[in-house]
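Following: one structure in structure tokens, then a few remarks.
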Amino acid sequence: MPGLPAVPGRAALLPSRVPASAVVAPARRPGVAAYRLLVALAAAAAVTIDLVLGSAVRVLSDFAIQSNILLALVLAASARRAWTARRPLPPLVTGAALLYALITGLAHHLLLTDAASPLSLAGGTTDPTGWQAISAQILHTVTPIAAALDWLLLTSPGHLHLRQAPTWLLYPLAYLAFSLARGELIAPGPPGRYLYPLLDVDHHGYKSVLGNALLLGLSLYALAALLVAIDHIRPNPRHHGTKTGFRLQPPVG
């Protein structure tokens, strides 16, 4: 107040709880940008190969194709942000792309191509050859592994949360509805009426198909929970011993 003498001594300011990421602008990461762009281009190239060699409607109906298109878009956007030192995409988006890519890889290798699996495609279709074999490897093996490595080695931990899992599962649920509706609209007889064996109503009936879908949905939720748990216990690959807060120094003079 005016007229009162100044209090002797220097005021000490307490440490702020604001994280460094909130006050320090992100740095450019050209190496990260190049890696993500390369993976995005690989996914886009594999999708293009399948579109050129097959029916566009059938190809675009495939879960692996759709998940790789999403992954390519997310990684391309993330590459641009890493190159221009902008903040990362929301974890709700990046987590969804990661989860769908892992679903693609795990379902392909553990269910669809394993001869011991009752849901295997082995025997029902011929193995892809030539360019189709290359695209299949990229879509089901290379991009899922690349997405997992990007998450583990190039992103900060602790951003995925279990509350995001129900939102992530909306797309697989919509894909189930789409696949069943597609099967009903196609006349019985031609192969590929149902995109995957576990969704083949003609062979299993609706009761078994919905039961398979429920088990698969629970498995996807468990996978999402596992990703969240790993995300919160994994080390930070970007940590270089910097402090997570900052201290304001008293004014000089």
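Residues are referred to by chain and number: the chain letter is A, B, ... according to the order shown in the structure tokens, the number counts from 1 in that chain, and ligands are numbered separately from 1 in the order shown.
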
Subject >> Contacts of Ile49 in chain A within 8 Å, only C-alpha atoms, excl. fewer than 4 positions in-chain, as a PyMOL selection string >> reply: chain A and resi 45+53+131-132+135

**OP:** Based on DSSP run over this structure's backbone, return all residues of range 59-187 of chain A in helix (DSSP H, G or I), as number ranges by chain.
**Re:** A: 59-60, 63-83, 91-112, 130-154, 162-168, 170-185

Let me see the file: selected residues, C-alpha atoms, as a compact mmCIF listing (two decimals), in the first residue's frame.
```txt
# COMPACT_ATOMS: atom_id res chain seq x y z
CA VAL A 59 -9.50 -54.41 -50.92
CA LEU A 60 -10.89 -51.34 -49.15
CA PHE A 63 -9.44 -54.46 -41.92
CA ALA A 64 -5.69 -54.63 -42.60
CA ILE A 65 -6.05 -52.15 -45.45
CA GLN A 66 -8.14 -49.75 -43.41
CA SER A 67 -5.82 -49.93 -40.39
CA ASN A 68 -2.77 -49.30 -42.60
CA ILE A 69 -4.43 -46.33 -44.28
CA LEU A 70 -5.11 -44.85 -40.85
CA LEU A 71 -1.55 -45.62 -39.73
CA ALA A 72 -0.11 -43.98 -42.85
CA LEU A 73 -2.16 -40.81 -42.28
CA VAL A 74 -1.29 -40.62 -38.58
CA LEU A 75 2.42 -41.22 -39.14
CA ALA A 76 2.56 -38.72 -42.00
CA ALA A 77 0.94 -36.08 -39.79
CA SER A 78 3.25 -37.02 -36.91
CA ALA A 79 6.26 -36.76 -39.22
CA ARG A 80 5.26 -33.25 -40.22
CA ARG A 81 4.87 -32.24 -36.58
CA ALA A 82 8.26 -33.72 -35.68
CA TRP A 83 9.88 -31.90 -38.61
CA PRO A 91 -2.71 -39.84 -27.77
CA LEU A 92 -6.32 -40.79 -28.42
CA VAL A 93 -5.48 -40.74 -32.14
CA THR A 94 -1.98 -42.21 -32.03
CA GLY A 95 -3.07 -44.90 -29.57
CA ALA A 96 -5.90 -45.95 -31.86
CA ALA A 97 -3.58 -46.23 -34.87
CA LEU A 98 -1.12 -48.28 -32.80
CA LEU A 99 -3.83 -50.60 -31.46
CA TYR A 100 -5.35 -51.29 -34.88
CA ALA A 101 -1.93 -51.95 -36.41
CA LEU A 102 -1.13 -54.45 -33.66
CA ILE A 103 -4.54 -56.09 -34.08
CA THR A 104 -3.77 -56.50 -37.77
CA GLY A 105 -0.43 -58.16 -37.14
CA LEU A 106 -1.49 -60.38 -34.22
CA ALA A 107 -4.72 -61.57 -35.84
CA HIS A 108 -2.91 -62.37 -39.08
CA HIS A 109 -0.11 -64.38 -37.50
CA LEU A 110 -1.94 -65.99 -34.57
CA LEU A 111 -5.36 -66.68 -36.11
CA LEU A 112 -5.58 -66.32 -39.86
CA GLY A 130 4.87 -61.80 -56.25
CA TRP A 131 3.89 -58.25 -55.45
CA GLN A 132 0.90 -59.41 -53.42
CA ALA A 133 3.21 -61.40 -51.15
CA ILE A 134 5.35 -58.31 -50.64
CA SER A 135 2.34 -56.14 -49.81
CA ALA A 136 1.00 -58.80 -47.43
CA GLN A 137 4.29 -58.83 -45.52
CA ILE A 138 4.31 -55.04 -45.29
CA LEU A 139 0.68 -54.76 -44.19
CA HIS A 140 0.68 -57.58 -41.63
CA THR A 141 4.27 -57.63 -40.34
CA VAL A 142 6.38 -54.61 -41.24
CA THR A 143 4.00 -51.79 -40.37
CA PRO A 144 2.74 -53.30 -37.07
CA ILE A 145 6.32 -53.80 -35.88
CA ALA A 146 7.32 -50.34 -37.12
CA ALA A 147 4.36 -48.76 -35.30
CA ALA A 148 5.29 -50.54 -32.08
CA LEU A 149 8.92 -49.42 -32.37
CA ASP A 150 7.85 -45.84 -33.00
CA TRP A 151 5.72 -45.92 -29.85
CA LEU A 152 8.36 -47.57 -27.67
CA LEU A 153 11.44 -45.71 -28.86
CA LEU A 154 10.29 -42.34 -30.19
CA LEU A 162 -7.57 -46.83 -19.93
CA ARG A 163 -10.45 -44.38 -20.30
CA GLN A 164 -9.48 -44.10 -23.97
CA ALA A 165 -9.97 -47.84 -24.60
CA PRO A 166 -13.79 -47.74 -25.07
CA THR A 167 -13.35 -45.07 -27.75
CA TRP A 168 -10.69 -47.18 -29.49
CA LEU A 170 -15.79 -48.19 -31.46
CA TYR A 171 -14.11 -48.76 -34.81
CA PRO A 172 -13.78 -52.58 -34.46
CA LEU A 173 -17.44 -52.63 -33.41
CA ALA A 174 -18.42 -50.59 -36.47
CA TYR A 175 -16.29 -52.88 -38.65
CA LEU A 176 -18.16 -55.92 -37.28
CA ALA A 177 -21.50 -54.33 -38.18
CA PHE A 178 -20.19 -53.39 -41.63
CA SER A 179 -18.89 -56.93 -42.32
CA LEU A 180 -22.15 -58.60 -41.31
CA ALA A 181 -24.21 -56.12 -43.33
CA ARG A 182 -21.92 -56.62 -46.33
CA GLY A 183 -22.37 -60.39 -46.11
CA GLU A 184 -26.15 -60.02 -46.06
CA LEU A 185 -26.14 -57.78 -49.14
```

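Picture a line from CA of Val57 in chain A to CA of Thr113 in chain A; it runs 22.9 Å.
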
Residues at most 7 Å from Pro157 in chain A, counting only C-alpha atoms, excluding those fewer than 5 positions away in the same chain, as a compact mmCIF listing (two decimals) with all heavy atoms, in the first residue's frame?
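Output (part.txt):
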```txt
# COMPACT_ATOMS: atom_id res chain seq x y z
N ASP A 231 2.74 -48.54 -21.29
CA ASP A 231 3.04 -47.13 -21.52
C ASP A 231 3.38 -46.40 -20.23
O ASP A 231 4.11 -45.41 -20.25
CB ASP A 231 1.85 -46.46 -22.21
CG ASP A 231 2.19 -45.08 -22.74
OD1 ASP A 231 3.14 -44.97 -23.52
OD2 ASP A 231 1.50 -44.10 -22.37
N HIS A 232 2.85 -46.88 -19.10
CA HIS A 232 3.07 -46.20 -17.82
C HIS A 232 4.27 -46.76 -17.05
O HIS A 232 4.64 -46.17 -16.03
CB HIS A 232 1.81 -46.27 -16.97
CG HIS A 232 0.74 -45.32 -17.42
ND1 HIS A 232 0.56 -44.07 -16.87
CD2 HIS A 232 -0.20 -45.42 -18.39
CE1 HIS A 232 -0.43 -43.45 -17.47
NE2 HIS A 232 -0.92 -44.26 -18.41
N ARG A 234 7.15 -48.12 -18.91
CA ARG A 234 8.32 -48.11 -19.77
C ARG A 234 9.16 -46.87 -19.53
O ARG A 234 8.63 -45.82 -19.14
CB ARG A 234 7.93 -48.20 -21.25
CG ARG A 234 7.18 -46.99 -21.79
CD ARG A 234 6.67 -47.24 -23.20
NE ARG A 234 5.88 -46.12 -23.71
CZ ARG A 234 6.37 -45.17 -24.48
NH1 ARG A 234 7.63 -45.18 -24.83
NH2 ARG A 234 5.58 -44.19 -24.92
N ASN A 236 11.48 -43.54 -20.36
CA ASN A 236 11.31 -42.45 -21.32
C ASN A 236 12.53 -42.41 -22.24
O ASN A 236 13.63 -42.06 -21.80
CB ASN A 236 11.16 -41.12 -20.59
CG ASN A 236 10.77 -39.99 -21.53
OD1 ASN A 236 10.83 -40.14 -22.75
ND2 ASN A 236 10.37 -38.86 -20.97
```

Original post:
Which residue gives the smallest distance to Arg29 in chain A among A:Leu41, A:Ala56, A:Thr155, A:Ser61, with only C-alpha atoms counted?
Top reply: A:Thr155

Original post:
Skipping near chain neighbours, those fewer than 2 positions away, what residues fall within 9 Å of Val228 in chain A using only C-alpha atoms, listed as a PyMOL selection string?
Top reply: chain A and resi 158-162+165+223-226+230-233

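CA of Ala85 in chain A sits 9.2 Å away from CA of Pro30 in chain A.
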
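As for CA of Asp62 in chain A and CA of Tyr196 in chain A, they are spaced 9.1 Å apart.
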